[in-house]
$ cat model_15.cif   # mmCIF, C-alpha atoms
data_upload
loop_
_atom_site.group_PDB
_atom_site.id
_atom_site.type_symbol
_atom_site.label_atom_id
_atom_site.label_comp_id
_atom_site.auth_asym_id
_atom_site.auth_seq_id
_atom_site.Cartn_x
_atom_site.Cartn_y
_atom_site.Cartn_z
ATOM 1 C CA TYR A 780 29.391 187.170 142.777
ATOM 2 C CA TYR A 781 28.060 189.384 140.017
ATOM 3 C CA ASN A 782 29.487 188.300 136.601
ATOM 4 C CA ARG A 783 31.578 185.562 138.199
ATOM 5 C CA PHE A 784 29.498 182.669 136.814
ATOM 6 C CA ASN A 785 28.848 182.051 133.126
ATOM 7 C CA PHE A 786 26.655 179.148 132.077
ATOM 8 C CA TYR A 787 26.870 177.841 128.511
ATOM 9 C CA TYR A 788 25.539 175.009 126.385
ATOM 10 C CA GLY A 789 25.704 173.819 122.813
ATOM 11 C CA TRP A 790 26.207 170.895 120.507
ATOM 12 C CA GLU A 791 28.774 169.653 118.060
ATOM 13 C CA SER A 792 28.502 167.037 115.356
ATOM 14 C CA GLY A 793 30.495 165.580 112.550
ATOM 15 C CA PRO A 794 31.260 162.641 110.327
ATOM 16 C CA ASN A 795 34.084 160.186 110.902
ATOM 17 C CA TYR A 796 36.001 157.706 108.788
ATOM 18 C CA ARG A 797 38.451 155.038 109.885
ATOM 19 C CA TYR A 798 40.553 152.497 108.020
ATOM 20 C CA ASP A 799 42.310 149.672 109.868
ATOM 21 C CA ARG A 800 44.727 147.237 108.314
ATOM 22 C CA GLY A 801 46.506 144.392 110.031
ATOM 23 C CA ASN A 802 48.672 141.467 109.025
ATOM 24 C CA TYR A 803 49.146 138.772 111.649
ATOM 25 C CA TYR A 804 51.434 135.755 111.425
ATOM 26 C CA ASN A 805 51.145 132.657 113.599
ATOM 27 C CA VAL A 806 53.421 129.620 113.581
ATOM 28 C CA PHE A 807 52.061 126.266 114.721
ATOM 29 C CA ARG A 808 53.755 122.939 115.321
ATOM 30 C CA VAL A 809 51.602 120.194 113.806
ATOM 31 C CA TYR A 810 51.939 116.433 114.243
ATOM 32 C CA ASN A 811 51.809 114.241 111.118
ATOM 33 C CA PRO A 812 50.615 110.757 112.161
ATOM 34 C CA ASP A 813 51.475 109.216 108.753
ATOM 35 C CA ARG A 814 55.159 110.071 109.107
ATOM 36 C CA SER A 815 55.256 110.123 112.925
ATOM 37 C CA ASP A 816 56.920 113.525 113.026
ATOM 38 C CA TYR A 817 56.152 117.195 113.501
ATOM 39 C CA TYR A 818 56.245 120.040 110.997
ATOM 40 C CA TRP A 819 55.774 123.790 111.242
ATOM 41 C CA VAL A 820 52.879 125.669 109.638
ATOM 42 C CA THR A 821 52.808 129.431 109.151
ATOM 43 C CA VAL A 822 49.361 131.043 109.016
ATOM 44 C CA GLU A 823 48.922 134.584 107.723
ATOM 45 C CA GLN A 824 45.774 136.521 108.585
ATOM 46 C CA ARG A 825 44.972 139.799 106.790
ATOM 47 C CA ILE A 826 42.240 142.072 108.096
ATOM 48 C CA ARG A 827 40.944 145.237 106.395
ATOM 49 C CA LYS A 828 38.219 147.365 108.007
ATOM 50 C CA HIS A 829 36.481 150.484 106.703
ATOM 51 C CA SER A 830 34.219 152.378 109.119
ATOM 52 C CA ILE A 831 31.995 155.368 108.349
ATOM 53 C CA GLY A 832 29.831 157.114 110.905
ATOM 54 C CA ALA A 833 28.449 160.230 112.494
ATOM 55 C CA THR A 834 28.543 161.656 116.020
ATOM 56 C CA VAL A 835 26.373 164.217 117.828
ATOM 57 C CA THR A 836 27.404 165.635 121.218
ATOM 58 C CA ALA A 837 25.392 167.984 123.452
ATOM 59 C CA PHE A 838 27.281 169.769 126.217
ATOM 60 C CA VAL A 839 26.686 172.085 129.176
ATOM 61 C CA GLY A 840 29.233 173.952 131.220
ATOM 62 C CA VAL A 841 29.902 176.568 133.826
ATOM 63 C CA LYS A 842 32.760 179.053 133.998
ATOM 64 C CA TYR A 843 33.727 180.665 137.302
ATOM 65 C CA ARG A 844 35.856 183.809 137.174
ATOM 66 C CA ILE A 845 38.340 183.708 140.024
ATOM 67 C CA THR A 846 39.732 187.104 139.017
ATOM 68 C CA PRO A 847 38.956 189.255 135.953
ATOM 69 C CA ARG A 848 41.800 187.451 134.101
ATOM 70 C CA ILE A 849 41.642 183.891 135.500
ATOM 71 C CA SER A 850 38.690 181.507 135.259
ATOM 72 C CA LEU A 851 37.954 177.857 135.925
ATOM 73 C CA SER A 852 35.539 175.903 133.661
ATOM 74 C CA PHE A 853 33.712 172.585 134.058
ATOM 75 C CA GLU A 854 31.893 170.845 131.213
ATOM 76 C CA SER A 855 29.669 167.753 130.867
ATOM 77 C CA ALA A 856 28.464 166.073 127.676
ATOM 78 C CA ALA A 857 26.187 163.394 126.231
ATOM 79 C CA THR A 858 27.145 161.704 122.942
ATOM 80 C CA ALA A 859 25.222 159.581 120.435
ATOM 81 C CA PHE A 860 26.798 157.891 117.412
ATOM 82 C CA TYR A 861 26.179 155.599 114.468
ATOM 83 C CA GLN A 862 28.867 153.553 112.719
ATOM 84 C CA TRP A 863 28.799 151.284 109.659
ATOM 85 C CA THR A 864 31.740 148.859 109.323
ATOM 86 C CA LYS A 865 32.809 146.609 106.475
ATOM 87 C CA LYS A 866 35.389 143.958 107.429
ATOM 88 C CA ARG A 867 37.310 141.830 104.945
ATOM 89 C CA GLN A 868 39.443 138.983 106.263
ATOM 90 C CA SER A 869 41.624 136.404 104.532
ATOM 91 C CA ILE A 870 43.595 133.506 105.998
ATOM 92 C CA GLN A 871 46.377 131.721 104.138
ATOM 93 C CA SER A 872 48.892 129.070 105.161
ATOM 94 C CA ASP A 873 51.602 126.864 103.722
ATOM 95 C CA HIS A 874 49.285 123.833 103.544
ATOM 96 C CA MET A 875 45.882 125.248 102.629
ATOM 97 C CA ASP A 876 44.190 127.565 100.179
ATOM 98 C CA VAL A 877 43.137 131.096 100.960
ATOM 99 C CA VAL A 878 39.962 131.382 103.036
ATOM 100 C CA SER A 879 38.207 134.743 102.748
ATOM 101 C CA SER A 880 35.235 136.273 104.479
ATOM 102 C CA GLU A 881 33.495 139.614 104.353
ATOM 103 C CA ASP A 882 30.862 141.048 106.670
ATOM 104 C CA THR A 883 29.252 144.353 107.526
ATOM 105 C CA SER A 884 27.889 145.643 110.814
ATOM 106 C CA HIS A 885 25.878 148.590 112.086
ATOM 107 C CA GLN A 886 26.459 150.034 115.524
ATOM 108 C CA PHE A 887 24.458 152.594 117.480
ATOM 109 C CA GLY A 888 25.589 153.839 120.839
ATOM 110 C CA GLY A 889 26.033 156.662 123.260
ATOM 111 C CA ASN A 890 27.670 157.714 126.463
ATOM 112 C CA ILE A 891 27.545 160.380 129.129
ATOM 113 C CA GLN A 892 30.666 162.151 130.289
ATOM 114 C CA TYR A 893 29.792 163.637 133.635
ATOM 115 C CA LEU A 894 33.001 165.632 133.656
ATOM 116 C CA ARG A 895 34.375 166.117 130.145
ATOM 117 C CA PHE A 896 36.678 169.085 130.775
ATOM 118 C CA ILE A 897 38.199 170.993 133.647
ATOM 119 C CA THR A 898 40.130 173.975 132.353
ATOM 120 C CA LEU A 899 42.026 176.798 133.947
ATOM 121 C CA ASN A 900 41.975 179.845 131.643
ATOM 122 C CA TYR A 901 43.933 183.064 131.455
ATOM 123 C CA HIS A 902 42.141 185.942 129.707
ATOM 124 C CA PHE A 903 44.319 188.490 127.927
ATOM 125 C CA LYS A 904 43.470 192.168 128.256
ATOM 126 C CA HIS A 905 41.235 193.633 125.517
ATOM 127 C CA TYR A 906 42.067 197.083 124.137
#
$ encode --input "model_15.cif" --output "structure tokens"
Amino acid sequence: YYNRFNFYYGWESGPNYRYDRGNYYNVFRVYNPDRSDYYWVTVEQRIRKHSIGATVTAFVGVKYRITPRISLSFESAATAFYQWTKKRQSIQSDHMDVVSSEDTSHQFGGNIQYLRFITLNYHFKHY
């Protein structure tokens, strides 16, 4: 088993940015008691979200060499992140004015991936 097992560890980090945009349309049937009839109302909802954050991941792994050219690797990881989000939303319909709202949120979190990767590798010959 000499040189068949390689243990490794490390970390990776980086920033992230995300922009989401959505337009949603809903149609409702509304009863008008003054005229004793129904009419249709279309409601448009626009959502815009900007998210900025950072992620740090620590990982550990083991590589087992089946032959000098073929190996099998297993890796686990733990991740921590922070994300700041700004959400802008507006709602407009046929029968009402535009209603807008804006809010921000902060999110901290993390997770553990007990088995992040399983890889089968082929190693080319070095000259």
$ resolve_selection --input "model_15.cif" --expression "the PyMOL selection byres ((chain A and resi 794) around 12)" --output "list in words"
Glu791, Ser792, Gly793, Asn795, Tyr796, Arg797, Ser830, Ile831, Gly832, Ala833, Thr834, Val835, Thr836, Phe860, Tyr861, Gln862 and Trp863 of chain A
$ resolve_selection --input "model_15.cif" --expression "the PyMOL selection byres ((chain A and resi 852) around 7)" --output "list in words"
Val841, Lys842, Tyr843, Ser850, Leu851, Phe853, Glu854, Ile897, Thr898 and Leu899 of chain A
$ write_last_selection --input "model_15.cif" --atoms "C-alpha atoms" --output "PDB file, in the frame of the given file"
ATOM      1  CA  VAL A 841      29.902 176.568 133.826  1.00  0.00           C
ATOM      2  CA  LYS A 842      32.760 179.053 133.998  1.00  0.00           C
ATOM      3  CA  TYR A 843      33.727 180.665 137.302  1.00  0.00           C
ATOM      4  CA  SER A 850      38.690 181.507 135.259  1.00  0.00           C
ATOM      5  CA  LEU A 851      37.954 177.857 135.925  1.00  0.00           C
ATOM      6  CA  PHE A 853      33.712 172.585 134.058  1.00  0.00           C
ATOM      7  CA  GLU A 854      31.893 170.845 131.213  1.00  0.00           C
ATOM      8  CA  ILE A 897      38.199 170.993 133.647  1.00  0.00           C
ATOM      9  CA  THR A 898      40.130 173.975 132.353  1.00  0.00           C
ATOM     10  CA  LEU A 899      42.026 176.798 133.947  1.00  0.00           C
TER      11      LEU A 899
END
$ closest_residue --input "model_15.cif" --among "A:Val839, A:Ser879, A:Pro847, A:Phe887" --to "Arg783 of chain A" --atoms "all atoms listed in the file"
A:Pro847
$ residues_around --input "model_15.cif" --residues "Gln871 of chain A" --least-positions-apart "4" --cutoff "9 Å" --atoms "only C-alpha atoms" --output "list in words"
Thr821, Val822, Glu823, Gln824, Arg825, Met875, Asp876, Val877, Val878 and Ser879 of chain A
$ atom_distance --input "model_15.cif" --atom1 "atom CA of Gln892 of chain A" --atom2 "atom CA of Trp790 of chain A"
13.9 Å
